[in-house]
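Data first, discussion second: the structure below is written as structure tokens.
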Amino acid sequence: MKRILSVLVEDKPGVLARIAGLFSRRGFNIDSLAVGHTMEPGISRMTIQVQGEPATFEQLTKQLHKLVNVIKISDLTEDPNVCRELLLVKVKSEPSTRGDIQQIVSTFRAKIVDISIDSMMVEITGDEDKLNAFLLLMQEFGIKEIVSTGKVALARGAKATTLAAGDKDKKK
Amino acid sequence: MRMSGAQMVIACLEQEQIDLIFGFPGGAVLSLYDALYDSSLKHILTRHEQAAVHAADGYARISGKPGVVFATSGPGATNLVTGIATAYMDSVPLILVTGQVASNMIGTDAFQEADITGITLPITKHNYLIKNVKDIPVVFKEAFYLATTGRKGPVLIDLPKDVQNDQAEFCYPEEVYIQGYKPTLEGHPGQIIRAANAIKKAKKPIIYSGGGVVHAAAWDELRAVAEKGCIPVTTTLTGLGAFPTDHELFLGMPGMHGTVAANYALSQADLIIAAGARFDDRVTGRLDCFARQACVIHIDVDPAEIGKNVEAQIPIVGDVRKVLEQLLLRMEAGDTGAWLEQVNLWKKQYPLTFENSGDVIRPQYVIKELYRLTAGEAIVTTDVGQHQMWAAQYLHCKYPRSFASSGGLGTMGFGFPAALGAQVAAPGRVVLCITGDGSFQMNIQELATASRYRLPVKIAIINNSYLGMVRQWQELFYNKRYAETFLEGNPDFVKVAEAYNIMGLKASRPEEVEPVIRKALEHDGPVLMDFVVASEENVFPMVAPNTPIDEIIGGGSK
Ligand SMILES: Cc1ncc(C[n+]2csc(CCOP(=O)(O)OP(=O)(O)O)c2C)c(N)n1
Ligand SMILES: [Mg+2]
């Protein structure tokens with residue numbers, strides 16, 4: 001089963017290796033991973049999508065908690081959340097197909113960001129369903145290259161996945 | 001005060017009340033050793049870095065204090081790896097300080113460069129590569145805090161050469177602030193009540209206690225809970241000594257070479273109180289058949305251990321000592337009379353046995369004699385193999401923190417250096433190292449260390465000319481095809497000892513065993529005893545791997 005984790009980590013050297021290494025050691029494949037800053041200096045957020053059985057997944061989360069640089073883990077899978085990914089797609093185009101591509105692009109509220117003689121580059125953000133549907137259509141024209149950011153996600157509503165006051169007084 | 005990074009390391013260790021380091025120098029730690037030269041810290045020079053870690057490990061297990069190791073970069077650091085993994089598996093607090101090539105050379109495959117923080121990532125509780133001399137005090141403070149709190153373990157600090165030489169103001173922090181680390185120590189009160197209720201209701205309870213009880217110094221509480229609840233106790237290999245072995249509630253060790261009573265009791269219990277133990281496969285046997293009727297109370301400071309192998313109906317995260325204390329206040333004994341009768345019957349029916357002989361020395365006989373002649377007062381370290389299991393079965397220790405064996409990793413070569421560390425930790429006590437002819441040769445060079453520091457450890461080699469435990473499996477499961485387990489080419493161990501200026505004694509006949517042991521115990525220096533024993537003796541009882549633990553070979557089955 002697919003899971004989406006939002007993990008707050010200390011922005012220290014090696015932290016990505018620690019986390020990635022743990023996943024592979026415990027037999028989990030990372031489908032997607034995105035890292036970025038938060039509002040708090042020195043703290044980054046990782047959004048990680050993995051596949052795994054519920055029991056082993058619980059074990060993985062506990063092991064993840066044991067990493068000293070990991071501050072907080074939120075499992076967003078069950079909660080209402082907004083999950084997005086940004087994709088750049090380079091698609092083959094000829095004068096005769098440009099119009100069709102443009103129409104699809106605008107229906108999907110994507111953007112054309114570059115045009116050359118025989119191709120166009122499209123920027124699109126969205127959830128997995130939307131991106132898959134878009135890619136299916138683009139395949140008709142011929143996709144030359146794709147790059148994606150990996151998923152980022154936040155819980156909807158008031159539930160915060162940032163630090164609560166209590167997460168910070170870990171003093172001896 | 002302004003000082004160099006190397007001097008800071010020494011100052012940090014002094015601040016942490018460390019008075020002893022095990023180590024081995026080299027190019028990348030010249031400055032560190034130079035700073036050590038001026039200090040009052042004692043340094044024990046081993047002959048191999050692996051032995052330095054095992055010695056520090058033995059020191060830590062016996063003293064309860066963290067062990068500290070110095071090693072140089074590259075090969076010095078990689079030689080630590082087996083020792084670190086051994087300590088990690090058994091949750092032993094260690095601080096490992098390694099030299100590293102200069103910061104500007106890192107990543108260039110410089111001479112004696114190894115990415116030791118990368119290499120030890122999965123076998124340390126945490127590790128650091130220090131890039132700025134100003135970070136040294138905070139990192140050391142954190143490292144000691146991490147190593148010695150929560151679930152204990154090894155922490156490695158990698159120090160580039162230039163950082164050791166750079167100067168800065170030294171100020172040791174009073175507090176630790178680690179955002180992502182907050183071990184839970186108190187047990188949840190609601191869970192304590194649920195546990196107390198389960199104990200009150202149970203008719204067939206058992207306490208299964210492990211190394212965590214030793215690490216948390218919870219032996220008094222363990223005993224009090226057992227006695228108050230009239231609950232029999234089984235302790236794992238790393239938990240041996242935490243419960244008095246002559247206590248009427250003691251069942252011995254569980255698992256693969258455990259007692260029949262312990263395994264039957266675990267299999268038929270209606271309540272298992274697991275305290276600082278992790279349901280290792282050597283204990284549970286085939287997991288889906290393990291303790292099927294039992295409700296499990298699992299007490300552990302590491303939440304990741306709970307539910308990992310065996311589902312816990314009543315999980316309690318917390319320091320074992322605190323939790324047992326809390327439990328004591330709440331609990332009442334259940335009606336366990338009939339169960340205790342049953343358990344005692346098993347103990348009587350299926351004692352540990354072996355056949356003595358007048359011609360050849362039985363290995364178990366040596367162990368029993370060592371026990372008798374040291375009256376359970378000795379500190380015991382073991383290597384890995386048959387001799388280890390016989391030691392666990394027959395060489396009981398009266399006191400906690402008196403038994404050190406590589407449980408989780410099962411590292412041959414651990415026993416002898418660990419004995420040296422144990423002797424340093426407890427200078428006034430008899431330290432026995434029970435080793436095998438195979439294992440001993442994995443760190444035999446440490447005879448030099450024993451000799452130089454006149455550490456009076458008594459080494460007992462159970463010499464069967466085989467990698468005995470592997471041979472036993474070949475005999476039982478591979479049709480007696482003894483592939484590469486006969487140790488042809490073994491040296492004359494007595495002569496080896498003598499070459500290091502250590503007393504060597506040999507016994508080849510049963511009647512020679514007692515005099516040899518007596519002579520060794522009377523001698524005030526290190527002694528090597530070579531016991532030439534029956535070569536194809538097997539360890540029983542035995543539960544074959546991945547079978548239910550009540551299907552026992554040898555030692556009486558139902
Ligand atoms: C470093 C290491 N290598 C290999 C093994 C596998 N192994 C387990 S027990 C054993 C035999 C040990 O022989 P010895 O020390 O003579 O003890 P015995 O079983 O004969 O008492 C071996 C090879 C191990 N545990 N550790
Ligand atoms: Mg042997």
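Ordering of the structure tokens sets the chain letters (A, B, ...); residue numbers start at 1 within each chain; ligands are numbered from 1 in the order shown.
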
Point to revise | Selection near A:Asp31, 10 Å with only C-alpha atoms, sequence-local residues under 6 positions removed, as a PyMOL selection string | key: chain A and resi 2-4+48-51+150-151

Could you save those same residues with N, CA and C atoms as a short mmCIF file (atom, residue, chain, number, x, y, z; two decimals), in the first residue's frame?
data_model
loop_
_atom_site.label_atom_id
_atom_site.label_comp_id
_atom_site.auth_asym_id
_atom_site.auth_seq_id
_atom_site.Cartn_x
_atom_site.Cartn_y
_atom_site.Cartn_z
N LYS A 2 0.36 2.27 -0.70
CA LYS A 2 1.14 3.52 -0.81
C LYS A 2 0.95 4.40 0.42
N ARG A 3 2.04 5.01 0.87
CA ARG A 3 1.99 5.89 2.03
C ARG A 3 2.69 7.20 1.72
N ILE A 4 2.16 8.26 2.29
CA ILE A 4 2.84 9.55 2.15
C ILE A 4 3.24 10.05 3.53
N ILE A 48 7.91 12.00 1.53
CA ILE A 48 8.38 10.71 1.03
C ILE A 48 7.18 9.82 0.72
N GLN A 49 7.16 9.27 -0.49
CA GLN A 49 6.12 8.27 -0.79
C GLN A 49 6.76 6.89 -0.87
N VAL A 50 6.22 5.95 -0.10
CA VAL A 50 6.75 4.59 -0.11
C VAL A 50 5.63 3.57 -0.24
N GLN A 51 6.01 2.34 -0.58
CA GLN A 51 5.07 1.22 -0.62
C GLN A 51 5.44 0.27 0.51
N GLY A 150 8.99 15.19 -7.72
CA GLY A 150 8.58 14.35 -6.59
C GLY A 150 7.43 15.03 -5.89
N LYS A 151 6.70 14.23 -5.11
CA LYS A 151 5.48 14.77 -4.51
C LYS A 151 5.78 15.64 -3.31
#

Within 12 Å of chain B, which residues belong to chain A? Use only C-alpha atoms and report them as a compact mmCIF listing (two decimals) with N, CA and C atoms, in the first residue's frame.
# COMPACT_ATOMS: atom_id res chain seq x y z
N VAL A 7 8.15 14.46 6.77
CA VAL A 7 9.15 14.29 7.82
C VAL A 7 9.95 15.58 8.01
N LEU A 8 9.94 16.08 9.24
CA LEU A 8 10.76 17.26 9.54
C LEU A 8 12.10 16.79 10.06
N VAL A 9 13.16 17.31 9.46
CA VAL A 9 14.50 16.87 9.85
C VAL A 9 15.40 18.07 10.10
N GLU A 10 16.42 17.84 10.94
CA GLU A 10 17.45 18.86 11.10
C GLU A 10 18.26 18.88 9.81
N ASP A 11 18.56 20.08 9.35
CA ASP A 11 19.29 20.23 8.10
C ASP A 11 20.79 20.05 8.36
N LYS A 12 21.19 18.81 8.62
CA LYS A 12 22.59 18.51 8.94
C LYS A 12 23.19 17.68 7.83
N PRO A 13 24.53 17.73 7.65
CA PRO A 13 25.13 16.92 6.59
C PRO A 13 24.82 15.44 6.82
N GLY A 14 24.53 14.73 5.76
CA GLY A 14 24.32 13.29 5.87
C GLY A 14 22.91 12.88 6.22
N VAL A 15 22.03 13.82 6.49
CA VAL A 15 20.70 13.43 6.95
C VAL A 15 19.92 12.69 5.85
N LEU A 16 20.13 13.10 4.61
CA LEU A 16 19.45 12.42 3.51
C LEU A 16 19.95 10.98 3.39
N ALA A 17 21.28 10.80 3.54
CA ALA A 17 21.86 9.46 3.47
C ALA A 17 21.32 8.59 4.61
N ARG A 18 21.19 9.17 5.78
CA ARG A 18 20.67 8.40 6.92
C ARG A 18 19.27 7.89 6.63
N ILE A 19 18.45 8.78 6.09
CA ILE A 19 17.05 8.40 5.85
C ILE A 19 16.93 7.43 4.69
N ALA A 20 17.60 7.75 3.59
CA ALA A 20 17.53 6.86 2.43
C ALA A 20 18.09 5.48 2.78
N GLY A 21 19.19 5.47 3.55
CA GLY A 21 19.82 4.21 3.94
C GLY A 21 18.89 3.36 4.79
N LEU A 22 18.17 4.01 5.68
CA LEU A 22 17.24 3.28 6.54
C LEU A 22 16.14 2.61 5.72
N PHE A 23 15.59 3.33 4.76
CA PHE A 23 14.54 2.75 3.92
C PHE A 23 15.06 1.52 3.19
N SER A 24 16.24 1.62 2.60
CA SER A 24 16.72 0.48 1.83
C SER A 24 17.08 -0.68 2.74
N ARG A 25 17.68 -0.40 3.92
CA ARG A 25 18.03 -1.47 4.86
C ARG A 25 16.81 -2.24 5.32
N ARG A 26 15.70 -1.53 5.49
CA ARG A 26 14.49 -2.18 5.99
C ARG A 26 13.62 -2.67 4.84
N GLY A 42 17.24 25.96 9.58
CA GLY A 42 17.91 24.74 10.04
C GLY A 42 17.03 23.51 10.00
N ILE A 43 15.76 23.69 9.58
CA ILE A 43 14.88 22.53 9.53
C ILE A 43 14.32 22.36 8.11
N ALA A 55 2.16 -3.45 8.81
CA ALA A 55 2.96 -3.83 9.98
C ALA A 55 4.41 -3.41 9.81
N THR A 56 4.97 -3.70 8.65
CA THR A 56 6.36 -3.33 8.43
C THR A 56 6.49 -1.81 8.33
N PHE A 57 5.41 -1.18 7.87
CA PHE A 57 5.44 0.27 7.77
C PHE A 57 5.53 0.92 9.15
N GLU A 58 4.81 0.34 10.10
CA GLU A 58 4.87 0.87 11.46
C GLU A 58 6.29 0.74 12.01
N GLN A 59 6.90 -0.42 11.75
CA GLN A 59 8.27 -0.66 12.19
C GLN A 59 9.20 0.38 11.55
N LEU A 60 8.97 0.64 10.26
CA LEU A 60 9.81 1.62 9.57
C LEU A 60 9.69 3.01 10.21
N THR A 61 8.47 3.40 10.51
CA THR A 61 8.25 4.72 11.11
C THR A 61 8.96 4.81 12.45
N LYS A 62 8.88 3.74 13.23
CA LYS A 62 9.56 3.75 14.53
C LYS A 62 11.07 3.85 14.36
N GLN A 63 11.59 3.12 13.40
CA GLN A 63 13.04 3.18 13.16
C GLN A 63 13.43 4.58 12.70
N LEU A 64 12.58 5.18 11.88
CA LEU A 64 12.82 6.53 11.39
C LEU A 64 12.88 7.51 12.56
N HIS A 65 11.97 7.32 13.50
CA HIS A 65 11.95 8.17 14.70
C HIS A 65 13.25 8.09 15.48
N LYS A 66 13.90 6.92 15.39
CA LYS A 66 15.13 6.74 16.17
C LYS A 66 16.30 7.55 15.62
N LEU A 67 16.22 7.94 14.35
CA LEU A 67 17.30 8.76 13.80
C LEU A 67 17.32 10.09 14.55
N VAL A 68 18.49 10.42 15.06
CA VAL A 68 18.59 11.58 15.93
C VAL A 68 18.21 12.88 15.20
N ASN A 69 18.46 12.94 13.90
CA ASN A 69 18.16 14.16 13.15
C ASN A 69 16.70 14.29 12.74
N VAL A 70 15.91 13.24 12.98
CA VAL A 70 14.50 13.31 12.62
C VAL A 70 13.71 13.91 13.77
N ILE A 71 12.96 14.98 13.46
CA ILE A 71 12.26 15.68 14.53
C ILE A 71 10.80 15.28 14.62
N LYS A 72 10.16 15.16 13.48
CA LYS A 72 8.74 14.85 13.52
C LYS A 72 8.32 14.12 12.25
N ILE A 73 7.45 13.15 12.42
CA ILE A 73 6.96 12.40 11.26
C ILE A 73 5.44 12.49 11.25
N LEU A 163 6.32 22.16 13.58
CA LEU A 163 6.65 21.88 14.96
C LEU A 163 5.63 22.49 15.91
N ALA A 164 5.21 21.70 16.87
CA ALA A 164 4.42 22.26 17.96
C ALA A 164 5.40 22.68 19.04
N ALA A 165 4.91 23.51 19.96
CA ALA A 165 5.80 24.01 21.01
C ALA A 165 6.48 22.85 21.74
N GLY A 166 5.70 21.79 22.01
CA GLY A 166 6.20 20.66 22.79
C GLY A 166 7.34 19.91 22.13
N ASP A 167 7.42 19.99 20.79
CA ASP A 167 8.48 19.25 20.10
C ASP A 167 9.85 19.85 20.35
N LYS A 168 9.85 21.02 20.95
CA LYS A 168 11.13 21.72 21.01
C LYS A 168 11.83 21.64 22.36
N ASP A 169 11.09 21.41 23.44
CA ASP A 169 11.85 21.36 24.68
C ASP A 169 12.36 19.96 24.95
N LYS A 170 13.42 19.64 24.26
CA LYS A 170 14.04 18.35 24.48
C LYS A 170 15.38 18.62 25.13
N LYS A 171 15.30 19.14 26.33
CA LYS A 171 16.55 19.48 26.99
C LYS A 171 16.83 18.47 28.08
N LYS A 172 18.09 18.38 28.41
CA LYS A 172 18.49 17.51 29.51
C LYS A 172 18.53 18.34 30.77

Exercise for review: Residues up to 10 Å from ligand 2, counting only C-alpha atoms and all ligand atoms: could you list those as a PyMOL selection string?
Suggested key: chain B and resi 384-387+435-440+461-471+485-487+532-533+535-536

Put those residues in a file: C-alpha atoms, as a PDB file, in the first residue's frame.
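Output file result.pdb is given in full below:
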ATOM      1  CA  VAL B 384      31.194 -17.525  20.558  1.00  0.00           C
ATOM      2  CA  GLY B 385      30.450 -21.167  19.984  1.00  0.00           C
ATOM      3  CA  GLN B 386      29.744 -24.271  22.025  1.00  0.00           C
ATOM      4  CA  HIS B 387      31.882 -23.090  24.937  1.00  0.00           C
ATOM      5  CA  THR B 435      36.988 -19.177  24.938  1.00  0.00           C
ATOM      6  CA  GLY B 436      37.305 -21.704  22.136  1.00  0.00           C
ATOM      7  CA  ASP B 437      40.372 -22.761  20.233  1.00  0.00           C
ATOM      8  CA  GLY B 438      38.875 -21.075  17.185  1.00  0.00           C
ATOM      9  CA  SER B 439      37.645 -17.850  18.764  1.00  0.00           C
ATOM     10  CA  PHE B 440      40.776 -17.255  20.813  1.00  0.00           C
ATOM     11  CA  ILE B 461      40.414 -22.445  26.249  1.00  0.00           C
ATOM     12  CA  ILE B 462      37.870 -25.190  25.699  1.00  0.00           C
ATOM     13  CA  ASN B 463      40.060 -26.845  23.111  1.00  0.00           C
ATOM     14  CA  ASN B 464      38.130 -29.300  20.953  1.00  0.00           C
ATOM     15  CA  SER B 465      40.208 -28.805  17.803  1.00  0.00           C
ATOM     16  CA  TYR B 466      37.073 -27.786  15.986  1.00  0.00           C
ATOM     17  CA  LEU B 467      34.948 -24.829  15.169  1.00  0.00           C
ATOM     18  CA  GLY B 468      32.724 -26.840  17.417  1.00  0.00           C
ATOM     19  CA  MET B 469      29.385 -25.113  17.051  1.00  0.00           C
ATOM     20  CA  VAL B 470      29.571 -25.188  13.275  1.00  0.00           C
ATOM     21  CA  ARG B 471      30.693 -28.819  13.413  1.00  0.00           C
ATOM     22  CA  THR B 485      35.668 -26.985  10.654  1.00  0.00           C
ATOM     23  CA  PHE B 486      38.625 -29.095  11.810  1.00  0.00           C
ATOM     24  CA  LEU B 487      41.269 -26.740  13.158  1.00  0.00           C
ATOM     25  CA  VAL B 532      41.973 -30.435  25.735  1.00  0.00           C
ATOM     26  CA  VAL B 533      38.401 -31.738  25.701  1.00  0.00           C
ATOM     27  CA  SER B 535      36.294 -33.118  20.354  1.00  0.00           C
ATOM     28  CA  GLU B 536      32.791 -34.081  19.238  1.00  0.00           C
TER      29      GLU B 536
END

Review point. What's the 8 Å shell around B:Glu446, counting only C-alpha atoms, without same-chain residues fewer than 5 positions away, as JSON, numbers by chain?
Key: {"B": [46, 47, 48, 51, 416, 417]}

Polymer residues at most 12 Å from B:Gly428, only C-alpha atoms, same-chain spacing of 3 or more positions, as a compact mmCIF listing (two decimals) with C-alpha atoms, in the first residue's frame:
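So the final result, stored in out_9.txt, reads:
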# COMPACT_ATOMS: atom_id res chain seq x y z
CA GLU B 377 32.11 -14.80 42.36
CA ALA B 378 33.98 -14.45 39.08
CA ILE B 379 33.30 -12.10 36.20
CA ALA B 422 36.43 -6.19 32.42
CA GLN B 423 39.56 -6.66 34.49
CA VAL B 424 40.37 -2.97 34.17
CA ALA B 425 36.83 -2.17 35.29
CA VAL B 431 37.93 -12.45 35.54
CA LEU B 455 46.00 -7.91 33.75
CA PRO B 456 45.43 -11.12 35.71
CA VAL B 457 42.65 -12.57 33.55
CA ASP B 524 48.52 -13.26 40.65

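The closest residue to A:Leu5, picked from A:Asp79, A:Glu53, A:Glu128, A:Glu40 and counting only C-alpha atoms, is A:Asp79.
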
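Within stretch 291-466 of chain B, DSSP run on the backbone puts these residues in strand (DSSP E): Cys295, Val296, Ile297, His298, Ile299, Asp300, Ile314, Pro315, Ile316, Val317, Ile379, Val380, Thr381, Thr382, Phe403, Ala404, Val431, Leu432, Cys433, Ile434, Thr435, Gly436, Lys458, Ile459, Ala460, Ile461, Ile462 and Asn463 of chain B.
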
For B:Gly376, please output as a PDB file with all heavy atoms, in the first residue's frame all residues within 9 Å (counting only C-alpha atoms; exclusion window: fewer than 3 positions along the same chain).
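For reference, part11.pdb as written:
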ATOM      1  N   LEU B 370      35.097 -24.800  37.006  1.00  0.00           N
ATOM      2  CA  LEU B 370      35.426 -23.370  37.100  1.00  0.00           C
ATOM      3  C   LEU B 370      34.404 -22.663  37.987  1.00  0.00           C
ATOM      4  O   LEU B 370      34.742 -21.808  38.800  1.00  0.00           O
ATOM      5  CB  LEU B 370      35.439 -22.733  35.703  1.00  0.00           C
ATOM      6  CG  LEU B 370      36.680 -23.039  34.856  1.00  0.00           C
ATOM      7  CD1 LEU B 370      36.430 -22.679  33.395  1.00  0.00           C
ATOM      8  CD2 LEU B 370      37.903 -22.291  35.382  1.00  0.00           C
ATOM      9  N   TYR B 371      33.154 -23.043  37.824  1.00  0.00           N
ATOM     10  CA  TYR B 371      32.090 -22.462  38.639  1.00  0.00           C
ATOM     11  C   TYR B 371      32.288 -22.820  40.106  1.00  0.00           C
ATOM     12  O   TYR B 371      32.253 -21.972  40.996  1.00  0.00           O
ATOM     13  CB  TYR B 371      30.731 -22.948  38.131  1.00  0.00           C
ATOM     14  CG  TYR B 371      29.562 -22.481  38.963  1.00  0.00           C
ATOM     15  CD1 TYR B 371      29.388 -21.127  39.259  1.00  0.00           C
ATOM     16  CD2 TYR B 371      28.620 -23.390  39.444  1.00  0.00           C
ATOM     17  CE1 TYR B 371      28.311 -20.695  40.020  1.00  0.00           C
ATOM     18  CE2 TYR B 371      27.541 -22.970  40.195  1.00  0.00           C
ATOM     19  CZ  TYR B 371      27.393 -21.621  40.490  1.00  0.00           C
ATOM     20  OH  TYR B 371      26.334 -21.192  41.237  1.00  0.00           O
ATOM     21  N   ARG B 372      32.540 -24.082  40.339  1.00  0.00           N
ATOM     22  CA  ARG B 372      32.691 -24.541  41.713  1.00  0.00           C
ATOM     23  C   ARG B 372      33.872 -23.835  42.391  1.00  0.00           C
ATOM     24  O   ARG B 372      33.763 -23.325  43.509  1.00  0.00           O
ATOM     25  CB  ARG B 372      32.919 -26.059  41.721  1.00  0.00           C
ATOM     26  CG  ARG B 372      33.028 -26.677  43.114  1.00  0.00           C
ATOM     27  CD  ARG B 372      33.066 -28.198  43.057  1.00  0.00           C
ATOM     28  NE  ARG B 372      34.295 -28.735  42.476  1.00  0.00           N
ATOM     29  CZ  ARG B 372      35.423 -28.969  43.163  1.00  0.00           C
ATOM     30  NH1 ARG B 372      35.478 -28.721  44.452  1.00  0.00           N
ATOM     31  NH2 ARG B 372      36.491 -29.456  42.552  1.00  0.00           N
ATOM     32  N   LEU B 373      34.978 -23.751  41.684  1.00  0.00           N
ATOM     33  CA  LEU B 373      36.192 -23.238  42.319  1.00  0.00           C
ATOM     34  C   LEU B 373      36.223 -21.710  42.423  1.00  0.00           C
ATOM     35  O   LEU B 373      37.029 -21.150  43.156  1.00  0.00           O
ATOM     36  CB  LEU B 373      37.431 -23.762  41.585  1.00  0.00           C
ATOM     37  CG  LEU B 373      37.559 -25.295  41.676  1.00  0.00           C
ATOM     38  CD1 LEU B 373      38.608 -25.822  40.715  1.00  0.00           C
ATOM     39  CD2 LEU B 373      37.878 -25.735  43.110  1.00  0.00           C
ATOM     40  N   ILE B 379      33.859 -12.732  37.396  1.00  0.00           N
ATOM     41  CA  ILE B 379      33.300 -12.100  36.205  1.00  0.00           C
ATOM     42  C   ILE B 379      33.629 -13.038  35.050  1.00  0.00           C
ATOM     43  O   ILE B 379      34.749 -13.546  34.961  1.00  0.00           O
ATOM     44  CB  ILE B 379      33.951 -10.722  35.965  1.00  0.00           C
ATOM     45  CG1 ILE B 379      33.457  -9.731  37.019  1.00  0.00           C
ATOM     46  CG2 ILE B 379      33.665 -10.218  34.556  1.00  0.00           C
ATOM     47  CD1 ILE B 379      34.184  -8.407  36.989  1.00  0.00           C
ATOM     48  N   LEU B 395      27.944 -21.781  34.059  1.00  0.00           N
ATOM     49  CA  LEU B 395      28.805 -20.887  34.823  1.00  0.00           C
ATOM     50  C   LEU B 395      28.001 -19.712  35.349  1.00  0.00           C
ATOM     51  O   LEU B 395      28.011 -18.628  34.778  1.00  0.00           O
ATOM     52  CB  LEU B 395      29.949 -20.390  33.936  1.00  0.00           C
ATOM     53  CG  LEU B 395      31.331 -20.478  34.583  1.00  0.00           C
ATOM     54  CD1 LEU B 395      32.405 -20.222  33.577  1.00  0.00           C
ATOM     55  CD2 LEU B 395      31.498 -19.609  35.780  1.00  0.00           C
ATOM     56  N   HIS B 396      27.300 -19.952  36.412  1.00  0.00           N
ATOM     57  CA  HIS B 396      26.405 -18.914  36.897  1.00  0.00           C
ATOM     58  C   HIS B 396      27.158 -17.817  37.624  1.00  0.00           C
ATOM     59  O   HIS B 396      28.204 -18.046  38.199  1.00  0.00           O
ATOM     60  CB  HIS B 396      25.353 -19.541  37.813  1.00  0.00           C
ATOM     61  CG  HIS B 396      24.512 -20.524  37.093  1.00  0.00           C
ATOM     62  ND1 HIS B 396      23.855 -21.550  37.711  1.00  0.00           N
ATOM     63  CD2 HIS B 396      24.235 -20.646  35.776  1.00  0.00           C
ATOM     64  CE1 HIS B 396      23.197 -22.260  36.807  1.00  0.00           C
ATOM     65  NE2 HIS B 396      23.417 -21.729  35.627  1.00  0.00           N
ATOM     66  N   CYS B 397      26.604 -16.624  37.559  1.00  0.00           N
ATOM     67  CA  CYS B 397      27.212 -15.495  38.249  1.00  0.00           C
ATOM     68  C   CYS B 397      26.286 -15.047  39.361  1.00  0.00           C
ATOM     69  O   CYS B 397      25.088 -14.913  39.166  1.00  0.00           O
ATOM     70  CB  CYS B 397      27.419 -14.341  37.281  1.00  0.00           C
ATOM     71  SG  CYS B 397      28.498 -14.770  35.936  1.00  0.00           S
ATOM     72  N   LYS B 398      26.891 -14.787  40.504  1.00  0.00           N
ATOM     73  CA  LYS B 398      26.103 -14.355  41.656  1.00  0.00           C
ATOM     74  C   LYS B 398      25.597 -12.937  41.503  1.00  0.00           C
ATOM     75  O   LYS B 398      24.588 -12.562  42.063  1.00  0.00           O
ATOM     76  CB  LYS B 398      26.992 -14.405  42.905  1.00  0.00           C
ATOM     77  CG  LYS B 398      26.840 -15.651  43.734  1.00  0.00           C
ATOM     78  CD  LYS B 398      27.464 -15.398  45.098  1.00  0.00           C
ATOM     79  CE  LYS B 398      27.752 -16.706  45.810  1.00  0.00           C
ATOM     80  NZ  LYS B 398      28.777 -16.535  46.842  1.00  0.00           N
ATOM     81  N   TYR B 399      26.375 -12.122  40.787  1.00  0.00           N
ATOM     82  CA  TYR B 399      26.068 -10.692  40.745  1.00  0.00           C
ATOM     83  C   TYR B 399      25.748 -10.224  39.331  1.00  0.00           C
ATOM     84  O   TYR B 399      26.260 -10.778  38.371  1.00  0.00           O
ATOM     85  CB  TYR B 399      27.254  -9.879  41.273  1.00  0.00           C
ATOM     86  CG  TYR B 399      27.834 -10.419  42.545  1.00  0.00           C
ATOM     87  CD1 TYR B 399      29.061 -11.067  42.547  1.00  0.00           C
ATOM     88  CD2 TYR B 399      27.131 -10.308  43.741  1.00  0.00           C
ATOM     89  CE1 TYR B 399      29.596 -11.583  43.718  1.00  0.00           C
ATOM     90  CE2 TYR B 399      27.658 -10.818  44.921  1.00  0.00           C
ATOM     91  CZ  TYR B 399      28.894 -11.457  44.909  1.00  0.00           C
ATOM     92  OH  TYR B 399      29.416 -11.962  46.065  1.00  0.00           O
TER      93      TYR B 399
END

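Considering the residues B:Thr72, B:Asn344, B:Asn165, B:Asn443 and counting only C-alpha atoms and all ligand atoms, ligand 1 has its shortest atom-to-atom contact with B:Asn443.
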
Review point. Stretch 20-102 of chain A: which residues are alpha helix (DSSP H) by DSSP, as a PyMOL selection string?
Key: chain A and resi 20-25+54-66+95-102

Review point. What gap, in Å, lies between atom CA of B:Pro66 and atom CA of B:Ile95?
Key: 7.0 Å

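Using only C-alpha atoms for every distance, the candidate list A:Thr77, A:Ser6, A:Thr125, A:Ser32 yields A:Ser6 as the residue closest to A:Ser44.
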
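Checking B:Arg362, B:Arg518, B:Arg509, B:Lys480 one by one against ligand 1, counting only C-alpha atoms and all ligand atoms, you find the shortest gap at B:Arg362.
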
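For the pair atom CA of B:Ser357 and atom CA of B:Gly554, the separation is 18.4 Å.
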
Check your understanding: Near B:Ser405, within 9 Å and counting only C-alpha atoms, which residues show up once chain neighbours fewer than 3 positions away are dropped, as a VMD selection string?
Key -> chain B and resid 58 237 to 238 380 to 384 388 410 to 411 414 to 415 418

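Taking atom CA of B:Ala265 and atom CA of B:Lys204 as the two end points, the separation is 8.2 Å.
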
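Here the question is which of B:Thr353, B:Gln164, B:Gln364, B:Gln17 gets nearest to B:Pro510 using only C-alpha atoms, and that residue is B:Gln364.
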